[in-house]
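*Asks:* Sharing entry-v6.pdb, PDB, C-alpha atoms:
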MODEL        1
ATOM      1  CA  MET A1132     142.625 -95.515  87.859
ATOM      2  CA  ASP A1133     141.172 -92.085  87.197
ATOM      3  CA  ASP A1134     142.981 -89.948  84.599
ATOM      4  CA  VAL A1135     142.853 -86.198  83.961
ATOM      5  CA  PHE A1136     142.729 -84.659  80.492
ATOM      6  CA  ASP A1137     141.960 -81.347  78.758
ATOM      7  CA  ALA A1138     138.965 -80.961  76.459
ATOM      8  CA  GLN A1139     136.695 -78.417  74.815
ATOM      9  CA  VAL A1140     132.981 -78.094  75.452
ATOM     10  CA  ILE A1141     131.298 -78.453  72.059
ATOM     11  CA  ALA A1142     127.741 -78.458  73.421
ATOM     12  CA  ALA A1143     126.161 -77.713  76.791
ATOM     13  CA  TYR A1144     122.753 -79.048  77.808
ATOM     14  CA  GLY A1145     121.826 -77.930  81.296
ATOM     15  CA  ARG A1146     124.079 -79.821  83.692
ATOM     16  CA  HIS A1147     125.502 -82.065  80.987
ATOM     17  CA  ALA A1148     127.862 -81.391  78.114
ATOM     18  CA  LEU A1149     129.628 -82.913  75.170
ATOM     19  CA  VAL A1150     133.385 -82.503  75.395
ATOM     20  CA  ARG A1151     136.054 -83.260  72.806
ATOM     21  CA  ASP A1152     139.535 -84.260  73.887
ATOM     22  CA  ALA A1153     142.851 -83.602  72.116
ATOM     23  CA  ALA A1154     142.517 -86.821  70.111
ATOM     24  CA  GLY A1155     139.110 -85.742  68.785
ATOM     25  CA  ALA A1156     137.058 -88.175  70.826
ATOM     26  CA  VAL A1157     133.663 -86.800  71.897
ATOM     27  CA  ARG A1158     132.237 -87.871  75.230
ATOM     28  CA  GLU A1159     129.403 -86.908  77.506
ATOM     29  CA  ALA A1160     130.482 -85.141  80.673
ATOM     30  CA  ARG A1161     128.970 -83.532  83.705
ATOM     31  CA  PRO A1162     130.344 -80.993  86.199
ATOM     32  CA  ALA A1163     132.003 -82.341  89.311
ATOM     33  CA  GLY A1164     130.317 -79.687  91.457
ATOM     34  CA  ARG A1165     127.299 -77.399  91.385
ATOM     35  CA  LYS A1166     129.357 -74.212  91.135
ATOM     36  CA  LEU A1167     131.185 -75.045  87.893
ATOM     37  CA  ASP A1168     129.915 -72.585  85.265
ATOM     38  CA  TYR A1169     130.651 -73.653  81.689
ATOM     39  CA  VAL A1170     129.356 -72.904  78.183
ATOM     40  CA  CYS A1171     129.971 -73.981  74.621
ATOM     41  CA  GLY A1172     133.504 -73.069  73.578
ATOM     42  CA  ASP A1173     135.000 -73.409  77.039
ATOM     43  CA  ARG A1174     138.214 -75.330  77.526
ATOM     44  CA  VAL A1175     137.914 -77.559  80.546
ATOM     45  CA  THR A1176     139.920 -79.985  82.623
ATOM     46  CA  CYS A1177     138.189 -83.342  82.921
ATOM     47  CA  ARG A1178     138.633 -86.461  84.984
ATOM     48  CA  ASN A1179     137.708 -89.897  83.724
ATOM     49  CA  ASP A1180     135.923 -91.687  86.549
ATOM     50  CA  ALA A1181     136.452 -95.261  85.444
ATOM     51  CA  ALA A1182     134.688 -96.740  88.472
ATOM     52  CA  HIS A1183     131.400 -95.115  87.465
ATOM     53  CA  ASP A1184     132.086 -94.924  83.713
ATOM     54  CA  GLU A1185     131.653 -91.133  83.758
ATOM     55  CA  VAL A1186     133.593 -88.073  82.684
ATOM     56  CA  HIS A1187     133.589 -85.206  85.169
ATOM     57  CA  MET A1188     134.520 -81.622  84.342
ATOM     58  CA  ILE A1189     136.571 -80.472  87.307
ATOM     59  CA  ALA A1190     137.733 -77.003  86.187
ATOM     60  CA  VAL A1191     137.144 -74.372  83.503
ATOM     61  CA  GLN A1192     140.361 -73.009  82.047
ATOM     62  CA  PRO A1193     140.829 -69.220  81.704
ATOM     63  CA  ARG A1194     138.738 -67.738  78.885
ATOM     64  CA  SER A1195     140.266 -65.478  76.239
ATOM     65  CA  THR A1196     136.874 -63.914  75.438
ATOM     66  CA  ALA A1197     133.242 -64.462  76.334
ATOM     67  CA  LEU A1198     129.819 -63.304  75.200
ATOM     68  CA  LEU A1199     127.527 -62.537  78.132
ATOM     69  CA  ARG A1200     123.934 -61.405  78.318
ATOM     70  CA  SER A1201     122.476 -59.324  81.102
ATOM     71  CA  THR A1202     120.245 -60.665  83.830
ATOM     72  CA  VAL A1203     117.299 -58.697  85.236
ATOM     73  CA  ARG A1204     119.410 -57.738  88.246
ATOM     74  CA  GLY A1205     122.315 -56.448  86.207
ATOM     75  CA  GLY A1206     124.515 -59.517  86.419
ATOM     76  CA  GLY A1207     126.029 -61.407  83.519
ATOM     77  CA  GLU A1208     125.078 -64.816  82.121
ATOM     78  CA  LEU A1209     127.562 -66.615  79.889
ATOM     79  CA  VAL A1210     126.438 -67.429  76.347
ATOM     80  CA  VAL A1211     129.559 -68.773  74.600
ATOM     81  CA  ALA A1212     133.293 -68.557  75.297
ATOM     82  CA  ASN A1213     136.636 -68.200  73.537
ATOM     83  CA  LEU A1214     135.225 -66.757  70.319
ATOM     84  CA  THR A1215     137.155 -64.414  68.031
ATOM     85  CA  LEU A1216     134.382 -63.363  65.640
ATOM     86  CA  LEU A1217     130.671 -62.653  66.075
ATOM     87  CA  ALA A1218     128.361 -62.752  63.052
ATOM     88  CA  ALA A1219     125.010 -61.032  63.593
ATOM     89  CA  VAL A1220     122.531 -62.609  61.166
ATOM     90  CA  VAL A1221     119.499 -60.750  59.811
ATOM     91  CA  ALA A1222     116.984 -61.536  57.073
ATOM     92  CA  PRO A1223     114.011 -59.886  55.345
ATOM     93  CA  ALA A1224     111.758 -62.192  57.421
ATOM     94  CA  PRO A1225     111.201 -62.205  60.296
ATOM     95  CA  ALA A1226     111.199 -58.407  60.346
ATOM     96  CA  PRO A1227     114.758 -57.388  61.255
ATOM     97  CA  ASP A1228     115.371 -55.670  64.580
ATOM     98  CA  LEU A1229     118.543 -53.627  64.097
ATOM     99  CA  PHE A1230     118.558 -52.657  67.760
ATOM    100  CA  ILE A1231     119.355 -56.297  68.558
ATOM    101  CA  VAL A1232     122.138 -56.193  65.966
ATOM    102  CA  ASP A1233     123.551 -53.076  67.630
ATOM    103  CA  ARG A1234     123.612 -54.746  71.030
ATOM    104  CA  TYR A1235     125.378 -57.847  69.765
ATOM    105  CA  LEU A1236     127.969 -55.710  67.983
ATOM    106  CA  ALA A1237     128.399 -53.568  71.106
ATOM    107  CA  ALA A1238     129.029 -56.684  73.183
ATOM    108  CA  ALA A1239     131.562 -57.924  70.633
ATOM    109  CA  ALA A1240     133.423 -54.610  70.410
ATOM    110  CA  SER A1241     133.567 -54.278  74.196
ATOM    111  CA  GLY A1242     134.968 -57.807  74.482
ATOM    112  CA  SER A1243     137.687 -57.444  71.813
ATOM    113  CA  VAL A1244     135.780 -59.740  69.451
ATOM    114  CA  GLN A1245     135.473 -58.898  65.762
ATOM    115  CA  GLY A1246     131.931 -58.274  64.534
ATOM    116  CA  VAL A1247     130.353 -58.691  61.100
ATOM    117  CA  ILE A1248     126.786 -58.679  59.772
ATOM    118  CA  VAL A1249     125.267 -61.388  57.583
ATOM    119  CA  ILE A1250     122.124 -60.898  55.517
ATOM    120  CA  ASN A1251     120.564 -64.298  54.881
ATOM    121  CA  LYS A1252     117.662 -65.031  52.507
ATOM    122  CA  MET A1253     118.854 -62.519  49.909
ATOM    123  CA  ASP A1254     116.605 -64.359  47.444
ATOM    124  CA  MET A1255     113.515 -63.124  49.321
ATOM    125  CA  PRO A1256     111.498 -59.943  48.696
ATOM    126  CA  GLY A1257     112.694 -57.064  50.856
ATOM    127  CA  SER A1258     116.361 -58.031  50.726
ATOM    128  CA  ALA A1259     117.369 -54.927  48.737
ATOM    129  CA  GLU A1260     115.679 -52.664  51.281
ATOM    130  CA  LEU A1261     117.395 -54.484  54.137
ATOM    131  CA  SER A1262     120.776 -54.145  52.430
ATOM    132  CA  ALA A1263     120.195 -50.411  52.053
ATOM    133  CA  ALA A1264     119.241 -50.122  55.741
ATOM    134  CA  LEU A1265     122.637 -51.547  56.649
ATOM    135  CA  GLU A1266     124.572 -48.871  54.784
ATOM    136  CA  PRO A1267     125.338 -46.933  58.027
ATOM    137  CA  TYR A1268     127.184 -50.023  59.292
ATOM    138  CA  ARG A1269     129.254 -50.231  56.117
ATOM    139  CA  ARG A1270     130.194 -46.572  56.437
ATOM    140  CA  ILE A1271     131.710 -47.073  59.887
ATOM    141  CA  GLY A1272     133.667 -50.148  58.819
ATOM    142  CA  TYR A1273     131.488 -53.173  59.499
ATOM    143  CA  GLU A1274     131.598 -55.891  56.866
ATOM    144  CA  VAL A1275     128.192 -56.948  55.550
ATOM    145  CA  PHE A1276     127.889 -60.316  53.809
ATOM    146  CA  GLU A1277     124.890 -60.917  51.555
ATOM    147  CA  CYS A1278     123.956 -64.539  50.948
ATOM    148  CA  SER A1279     121.289 -67.208  50.978
ATOM    149  CA  ALA A1280     121.525 -70.616  52.592
ATOM    150  CA  GLN A1281     119.538 -71.881  49.596
ATOM    151  CA  GLN A1282     122.348 -70.803  47.247
ATOM    152  CA  PRO A1283     125.582 -72.369  48.583
ATOM    153  CA  SER A1284     127.834 -70.475  46.160
ATOM    154  CA  SER A1285     126.685 -67.192  47.747
ATOM    155  CA  LEU A1286     128.382 -68.234  50.997
ATOM    156  CA  ASP A1287     131.919 -68.311  49.572
ATOM    157  CA  ALA A1288     132.930 -64.865  50.867
ATOM    158  CA  LEU A1289     131.452 -65.531  54.310
ATOM    159  CA  SER A1290     133.133 -68.937  54.491
ATOM    160  CA  GLU A1291     136.490 -67.342  53.720
ATOM    161  CA  ARG A1292     135.925 -64.654  56.373
ATOM    162  CA  LEU A1293     135.204 -67.282  59.028
ATOM    163  CA  ARG A1294     138.347 -69.209  58.215
ATOM    164  CA  ALA A1295     140.723 -69.663  61.179
ATOM    165  CA  HIS A1296     138.262 -67.989  63.565
ATOM    166  CA  THR A1297     136.094 -69.379  66.312
ATOM    167  CA  SER A1298     132.864 -67.711  65.266
ATOM    168  CA  VAL A1299     129.337 -67.596  66.593
ATOM    169  CA  LEU A1300     126.161 -66.996  64.592
ATOM    170  CA  VAL A1301     123.714 -64.876  66.599
ATOM    171  CA  GLY A1302     120.424 -63.159  65.893
ATOM    172  CA  GLN A1303     116.671 -63.385  65.974
ATOM    173  CA  SER A1304     114.839 -66.682  65.818
ATOM    174  CA  GLY A1305     113.996 -67.695  62.281
ATOM    175  CA  VAL A1306     116.684 -65.750  60.378
ATOM    176  CA  GLY A1307     118.253 -69.007  59.222
ATOM    177  CA  LYS A1308     121.363 -69.362  61.372
ATOM    178  CA  SER A1309     121.091 -73.157  61.442
ATOM    179  CA  SER A1310     120.496 -73.252  57.680
ATOM    180  CA  LEU A1311     123.662 -71.219  57.178
ATOM    181  CA  ALA A1312     125.591 -73.446  59.566
ATOM    182  CA  ALA A1313     124.407 -76.555  57.732
ATOM    183  CA  GLN A1314     125.852 -75.175  54.488
ATOM    184  CA  LEU A1315     129.073 -73.906  56.062
ATOM    185  CA  VAL A1316     129.706 -77.263  57.768
ATOM    186  CA  PRO A1317     128.914 -79.932  55.145
ATOM    187  CA  GLY A1318     128.001 -83.294  56.579
ATOM    188  CA  SER A1319     126.929 -81.940  59.940
ATOM    189  CA  GLU A1320     123.588 -82.971  61.351
ATOM    190  CA  ILE A1321     122.194 -79.549  62.176
ATOM    191  CA  ALA A1322     118.474 -79.222  62.815
ATOM    192  CA  VAL A1323     116.918 -76.714  60.451
ATOM    193  CA  GLY A1324     113.474 -75.150  60.878
ATOM    194  CA  GLY A1325     111.352 -72.415  59.383
ATOM    195  CA  LEU A1326     109.048 -69.583  60.373
ATOM    196  CA  ALA A1327     105.876 -69.792  62.375
ATOM    197  CA  ARG A1328     102.628 -68.786  60.684
ATOM    198  CA  ASP A1329     102.683 -65.336  62.248
ATOM    199  CA  ASP A1330     106.110 -64.635  60.667
ATOM    200  CA  GLU A1331     107.700 -64.602  64.103
ATOM    201  CA  GLY A1332     110.791 -66.774  64.223
ATOM    202  CA  ARG A1333     110.524 -69.963  66.200
ATOM    203  CA  HIS A1334     113.487 -71.573  67.926
ATOM    204  CA  THR A1335     115.159 -74.405  66.021
ATOM    205  CA  THR A1336     118.383 -74.538  68.019
ATOM    206  CA  THR A1337     117.904 -75.247  71.718
ATOM    207  CA  ALA A1338     121.560 -75.225  72.748
ATOM    208  CA  SER A1339     124.749 -73.769  71.303
ATOM    209  CA  ARG A1340     126.834 -76.298  69.392
ATOM    210  CA  LEU A1341     130.389 -76.004  68.051
ATOM    211  CA  TYR A1342     131.347 -77.440  64.663
ATOM    212  CA  ASP A1343     134.721 -77.586  62.912
ATOM    213  CA  LEU A1344     134.874 -75.632  59.657
ATOM    214  CA  PRO A1345     136.319 -77.420  56.621
ATOM    215  CA  GLY A1346     138.811 -74.625  55.915
ATOM    216  CA  GLY A1347     139.963 -74.308  59.513
ATOM    217  CA  GLY A1348     138.450 -72.701  62.562
ATOM    218  CA  ALA A1349     135.147 -73.454  64.247
ATOM    219  CA  LEU A1350     131.564 -72.248  64.070
ATOM    220  CA  ILE A1351     129.097 -72.060  66.968
ATOM    221  CA  ASP A1352     125.420 -72.179  66.079
ATOM    222  CA  SER A1353     123.460 -70.496  68.867
ATOM    223  CA  PRO A1354     119.748 -70.407  69.728
ATOM    224  CA  GLY A1355     117.729 -67.556  68.279
ATOM    225  CA  VAL A1356     116.521 -64.717  70.481
ATOM    226  CA  ARG A1357     113.636 -62.298  70.646
ATOM    227  CA  ASP A1358     115.753 -59.741  72.471
ATOM    228  CA  PHE A1359     119.304 -59.395  73.716
ATOM    229  CA  ALA A1360     120.910 -57.157  76.326
ATOM    230  CA  PRO A1361     124.672 -57.372  76.765
ATOM    231  CA  ALA A1362     125.934 -57.799  80.307
ATOM    232  CA  ILE A1363     126.688 -54.313  81.612
ATOM    233  CA  GLY A1364     129.806 -55.468  83.424
ATOM    234  CA  ALA A1365     131.254 -56.590  80.090
ATOM    235  CA  LEU A1366     130.495 -53.343  78.225
ATOM    236  CA  GLU A1367     133.043 -50.587  77.682
ATOM    237  CA  SER A1368     131.503 -48.023  80.019
ATOM    238  CA  GLN A1369     132.210 -44.870  77.985
ATOM    239  CA  SER A1370     131.261 -45.872  74.427
ATOM    240  CA  LEU A1371     129.156 -48.967  75.267
ATOM    241  CA  GLY A1372     130.838 -50.621  72.298
ATOM    242  CA  PHE A1373     129.554 -48.139  69.685
ATOM    243  CA  ILE A1374     132.377 -47.415  67.233
ATOM    244  CA  GLU A1375     131.069 -43.947  66.364
ATOM    245  CA  VAL A1376     130.900 -42.884  70.010
ATOM    246  CA  GLU A1377     134.425 -44.093  70.664
ATOM    247  CA  ARG A1378     135.730 -42.092  67.690
ATOM    248  CA  LEU A1379     133.799 -38.904  68.465
ATOM    249  CA  ALA A1380     133.973 -38.774  72.272
ATOM    250  CA  PRO A1381     137.483 -37.206  72.463
ATOM    251  CA  GLY A1382     135.932 -34.053  70.966
ATOM    252  CA  CYS A1383     133.395 -33.632  73.788
ATOM    253  CA  ARG A1384     133.751 -30.722  76.199
ATOM    254  CA  PHE A1385     133.540 -32.975  79.246
ATOM    255  CA  GLN A1386     135.655 -36.077  79.652
ATOM    256  CA  ASP A1387     132.837 -37.957  81.406
ATOM    257  CA  CYS A1388     130.204 -36.956  78.815
ATOM    258  CA  ARG A1389     127.350 -39.477  78.563
ATOM    259  CA  HIS A1390     126.372 -38.150  75.107
ATOM    260  CA  MET A1391     122.767 -37.764  76.149
ATOM    261  CA  ARG A1392     122.141 -34.062  76.816
ATOM    262  CA  GLU A1393     125.452 -32.567  77.931
ATOM    263  CA  PRO A1394     126.577 -29.244  76.385
ATOM    264  CA  GLY A1395     129.486 -29.381  73.979
ATOM    265  CA  CYS A1396     128.873 -33.026  73.107
ATOM    266  CA  ALA A1397     130.684 -33.983  69.909
ATOM    267  CA  VAL A1398     128.548 -37.087  69.521
ATOM    268  CA  MET A1399     125.240 -35.186  69.465
ATOM    269  CA  ALA A1400     126.765 -32.605  67.138
ATOM    270  CA  ALA A1401     127.698 -35.391  64.715
ATOM    271  CA  VAL A1402     124.092 -36.627  64.789
ATOM    272  CA  ASP A1403     122.853 -33.128  63.973
ATOM    273  CA  ARG A1404     125.280 -32.924  61.035
ATOM    274  CA  GLY A1405     124.232 -36.338  59.747
ATOM    275  CA  ASP A1406     127.664 -37.838  60.406
ATOM    276  CA  PHE A1407     126.287 -40.281  62.992
ATOM    277  CA  ASP A1408     123.239 -42.262  61.898
ATOM    278  CA  ALA A1409     120.213 -41.093  63.911
ATOM    279  CA  ARG A1410     118.812 -44.594  64.385
ATOM    280  CA  ARG A1411     122.183 -45.880  65.616
ATOM    281  CA  TYR A1412     122.355 -42.955  68.020
ATOM    282  CA  GLU A1413     118.896 -43.756  69.335
ATOM    283  CA  SER A1414     120.125 -47.324  69.816
ATOM    284  CA  TYR A1415     123.043 -45.974  71.853
ATOM    285  CA  ARG A1416     120.657 -43.872  73.966
ATOM    286  CA  ARG A1417     118.462 -46.896  74.712
ATOM    287  CA  LEU A1418     121.464 -48.985  75.719
ATOM    288  CA  ARG A1419     122.811 -46.119  77.860
ATOM    289  CA  ARG A1420     119.509 -45.922  79.753
ATOM    290  CA  LEU A1421     119.460 -49.695  80.182
ATOM    291  CA  PHE A1422     123.084 -49.622  81.315
ATOM    292  CA  GLU A1423     122.276 -47.061  83.998
ATOM    293  CA  ASP A1424     119.084 -48.833  85.109
ATOM    294  CA  LEU A1425     120.869 -52.179  85.455
ATOM    295  CA  THR A1426     123.824 -50.540  87.184
ATOM    296  CA  GLU A1427     121.361 -49.187  89.719
ATOM    297  CA  ALA A1428     119.756 -52.637  90.061
ATOM    298  CA  ARG A1429     123.104 -54.198  90.964
ATOM    299  CA  GLY A1430     123.176 -52.244  94.210
ATOM    300  CA  PRO A1431     125.893 -50.069  95.775
ATOM    301  CA  ALA A1432     128.250 -52.933  96.553
ATOM    302  CA  ARG A1433     128.568 -53.973  92.889
ATOM    303  CA  ARG A1434     128.315 -50.735  90.929
ATOM    304  CA  ASN A1435     132.047 -50.238  90.712
TER     305      ASN A1435
ENDMDL
END
Please lay out the structure from this file as C-alpha cells.
*Replies:*
Amino acid sequence: MDDVFDAQVIAAYGRHALVRDAAGAVREARPAGRKLDYVCGDRVTCRNDAAHDEVHMIAVQPRSTALLRSTVRGGGELVVANLTLLAAVVAPAPAPDLFIVDRYLAAAASGSVQGVIVINKMDMPGSAELSAALEPYRRIGYEVFECSAQQPSSLDALSERLRAHTSVLVGQSGVGKSSLAAQLVPGSEIAVGGLARDDEGRHTTTASRLYDLPGGGALIDSPGVRDFAPAIGALESQSLGFIEVERLAPGCRFQDCRHMREPGCAVMAAVDRGDFDARRYESYRRLRRLFEDLTEARGPARRN
C-alpha cells in the first residue's frame, strides 16, 4: 500500500532529488508530474510507490523564503528555498566582483533573508586589500567574516554565526565555498576543487546540497557563478534591496524617485557628500537599469 510522508529536498539533480524524511532516512525521489518545481531546501510531500519501489514527490509545501535568479525574459528561476541567511563568499583569487556580491545581498534583503559577507583565503596575498575594499559594507551594518578554509580555527566566528540558521554559501566559482563547507561540516563528503590556470574559477559543485551543521542549523553549498541577476519580481521595487537607498529615500523630493537623475534626490546627494559609497551607488544604477530592461521584457501583461 502506498504511504504519504513529508520530507526535505537535500539535493536536486535535474528531475531527480534526494529527500530526507522526519526519521532522517535519505531516499532518491522524482516528481510525480512535469510541472512540480522544486529546489534544494524545499519541504515536500512524498508518496512511497511500493509497487514500483519508487518515491514520488507529489507537492511542494509553502516556502518561507526563496532565492531566485532572473531569466533573460524577466522571469524568476528558483535557486534554493527556505533559507534564513545568505553568505556571499569572496576571495583574493579569483579577482572579486563586488557587483555580484551586491546583487546577492540585494536579493537577500528583498526576500527578508539576512546577509553576511565571508572573505575566504585570508592567507593569500591581496587579502588585506580585499578586506579594505569591504569597509563600505561594514559601515552600513553588514558583518564581514575573515577566514581561511586551510585554517579551521579561523572559521569559529562564522560557524557560530551560522548556528540555528539555514544558510547558503554563494559567490563566484573558485572562491572556496566547498572548501569552507567541508570544514564547517566535518565528516561530509564534499567535492573540493581549485582554480583553473587562467585564475578564473571553475565549477566544483554542480548542484546545491544541504548539510546539517554540528551546532544546529543547516548549510547549503551552491554552485559557483560567473554572474548573478536577482529575479526582478522578487526585488523590493523602490530600493532594489540596497540598504543605503532604503534609508535615504524618504528624504527625496519625489516619492517615486528612481535615484538616477531626478532633482532633489537624497540618494544622489549622499553620494556627492561621500555618505553613500560611489561604487555601491554605481552598482545600484546598474541593477536599476537591468530591473527596468527586464520589466520591459516581461511584456505588458506581467509588468505589474
*Asks:* Neighbours of segment 1250-1257 of chain A within 7 Å (all atoms listed in the file; same-chain residues fewer than 4 positions away dropped), as a PyMOL selection string?
*Replies:* chain A and resi 1220-1223+1261+1276-1280+1306-1307
*Asks:* Which residues are close to segment 1312-1315 of chain A, i.e. within 12 Å by all atoms listed in the file, leaving aside same-chain residues fewer than 6 positions away? Reply as an mmCIF file with C-alpha atoms, keeping the file's coordinate frame.
*Replies:*
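The file below, around22.cif, is the result:
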data_model
loop_
_atom_site.group_PDB
_atom_site.id
_atom_site.type_symbol
_atom_site.label_atom_id
_atom_site.label_comp_id
_atom_site.auth_asym_id
_atom_site.auth_seq_id
_atom_site.Cartn_x
_atom_site.Cartn_y
_atom_site.Cartn_z
ATOM 1 C CA ALA A 1218 128.361 -62.752 63.052
ATOM 2 C CA VAL A 1220 122.531 -62.609 61.166
ATOM 3 C CA ASN A 1251 120.564 -64.298 54.881
ATOM 4 C CA CYS A 1278 123.956 -64.539 50.948
ATOM 5 C CA SER A 1279 121.289 -67.208 50.978
ATOM 6 C CA ALA A 1280 121.525 -70.616 52.592
ATOM 7 C CA GLN A 1281 119.538 -71.881 49.596
ATOM 8 C CA GLN A 1282 122.348 -70.803 47.247
ATOM 9 C CA PRO A 1283 125.582 -72.369 48.583
ATOM 10 C CA SER A 1284 127.834 -70.475 46.160
ATOM 11 C CA SER A 1285 126.685 -67.192 47.747
ATOM 12 C CA LEU A 1286 128.382 -68.234 50.997
ATOM 13 C CA ASP A 1287 131.919 -68.311 49.572
ATOM 14 C CA ALA A 1288 132.930 -64.865 50.867
ATOM 15 C CA LEU A 1289 131.452 -65.531 54.310
ATOM 16 C CA SER A 1290 133.133 -68.937 54.491
ATOM 17 C CA GLU A 1291 136.490 -67.342 53.720
ATOM 18 C CA ARG A 1292 135.925 -64.654 56.373
ATOM 19 C CA LEU A 1293 135.204 -67.282 59.028
ATOM 20 C CA ARG A 1294 138.347 -69.209 58.215
ATOM 21 C CA SER A 1298 132.864 -67.711 65.266
ATOM 22 C CA VAL A 1299 129.337 -67.596 66.593
ATOM 23 C CA LEU A 1300 126.161 -66.996 64.592
ATOM 24 C CA VAL A 1301 123.714 -64.876 66.599
ATOM 25 C CA VAL A 1306 116.684 -65.750 60.378
ATOM 26 C CA ILE A 1321 122.194 -79.549 62.176
ATOM 27 C CA ALA A 1322 118.474 -79.222 62.815
ATOM 28 C CA VAL A 1323 116.918 -76.714 60.451
ATOM 29 C CA GLY A 1324 113.474 -75.150 60.878
ATOM 30 C CA THR A 1336 118.383 -74.538 68.019
ATOM 31 C CA SER A 1339 124.749 -73.769 71.303
ATOM 32 C CA ARG A 1340 126.834 -76.298 69.392
ATOM 33 C CA LEU A 1341 130.389 -76.004 68.051
ATOM 34 C CA TYR A 1342 131.347 -77.440 64.663
ATOM 35 C CA ASP A 1343 134.721 -77.586 62.912
ATOM 36 C CA LEU A 1344 134.874 -75.632 59.657
ATOM 37 C CA PRO A 1345 136.319 -77.420 56.621
ATOM 38 C CA GLY A 1346 138.811 -74.625 55.915
ATOM 39 C CA GLY A 1347 139.963 -74.308 59.513
ATOM 40 C CA GLY A 1348 138.450 -72.701 62.562
ATOM 41 C CA ALA A 1349 135.147 -73.454 64.247
ATOM 42 C CA LEU A 1350 131.564 -72.248 64.070
ATOM 43 C CA ILE A 1351 129.097 -72.060 66.968
ATOM 44 C CA ASP A 1352 125.420 -72.179 66.079
ATOM 45 C CA SER A 1353 123.460 -70.496 68.867
#
*Asks:* Translate the PyMOL selection byres ((chain A and resi 1236) around 9), as applied to the file shown, into an explicit residue set as a PyMOL selection string.
*Replies:* chain A and resi 1217-1219+1231-1235+1237-1241+1244-1248+1372-1373
*Asks:* Any idea what's packed within 12 Å of Pro1267 of chain A, counting only C-alpha atoms, ignoring anything in its chain fewer than 5 positions away? Could you give it as an MDAnalysis selection string?
*Replies:* chainID A and resid 1229 1233 1248 1261:1262 1272:1275 1374:1375 1405:1412
*Asks:* Which distance in Å separates atom CA of Val1398 of chain A and atom CA of Leu1265 of chain A, to one decimal?
*Replies:*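 About the pair atom CA of Val1398 of chain A and atom CA of Leu1265 of chain A: they are 20.2 Å apart.
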*Asks:* State, in Å with one decimal place, the distance from atom CA of Thr1215 of chain A to atom CA of Thr1297 of chain A.
*Replies:*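 Those two atoms sit 5.4 Å apart.
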*Asks:* With all atoms listed in the file as the counted atoms, please give the residues lying no more than 10 Å from Pro1381 of chain A, apart from itself and same-chain residues fewer than 5 positions off, as JSON, numbers by chain.
*Replies:* {"A": [1376, 1386, 1388, 1396, 1397, 1398]}
*Asks:* Please measure the separation of atom CA of Thr1202 of chain A and atom CA of Gly1305 of chain A, giving the value in Å to one decimal.
*Replies:* 23.5 Å
*Asks:* Let me know the centre plus edge lengths, in Å and rounded to one decimal, of a box with edges along x, y and z that contains all listed atoms of segment 1372-1385 of chain A and is padded by 8 Å on every side, as lines of an AutoDock Vina configuration file.
*Replies:*
center_x = 133.5
center_y = -40.7
center_z = 72.8
size_x = 23.9
size_y = 35.9
size_z = 28.9
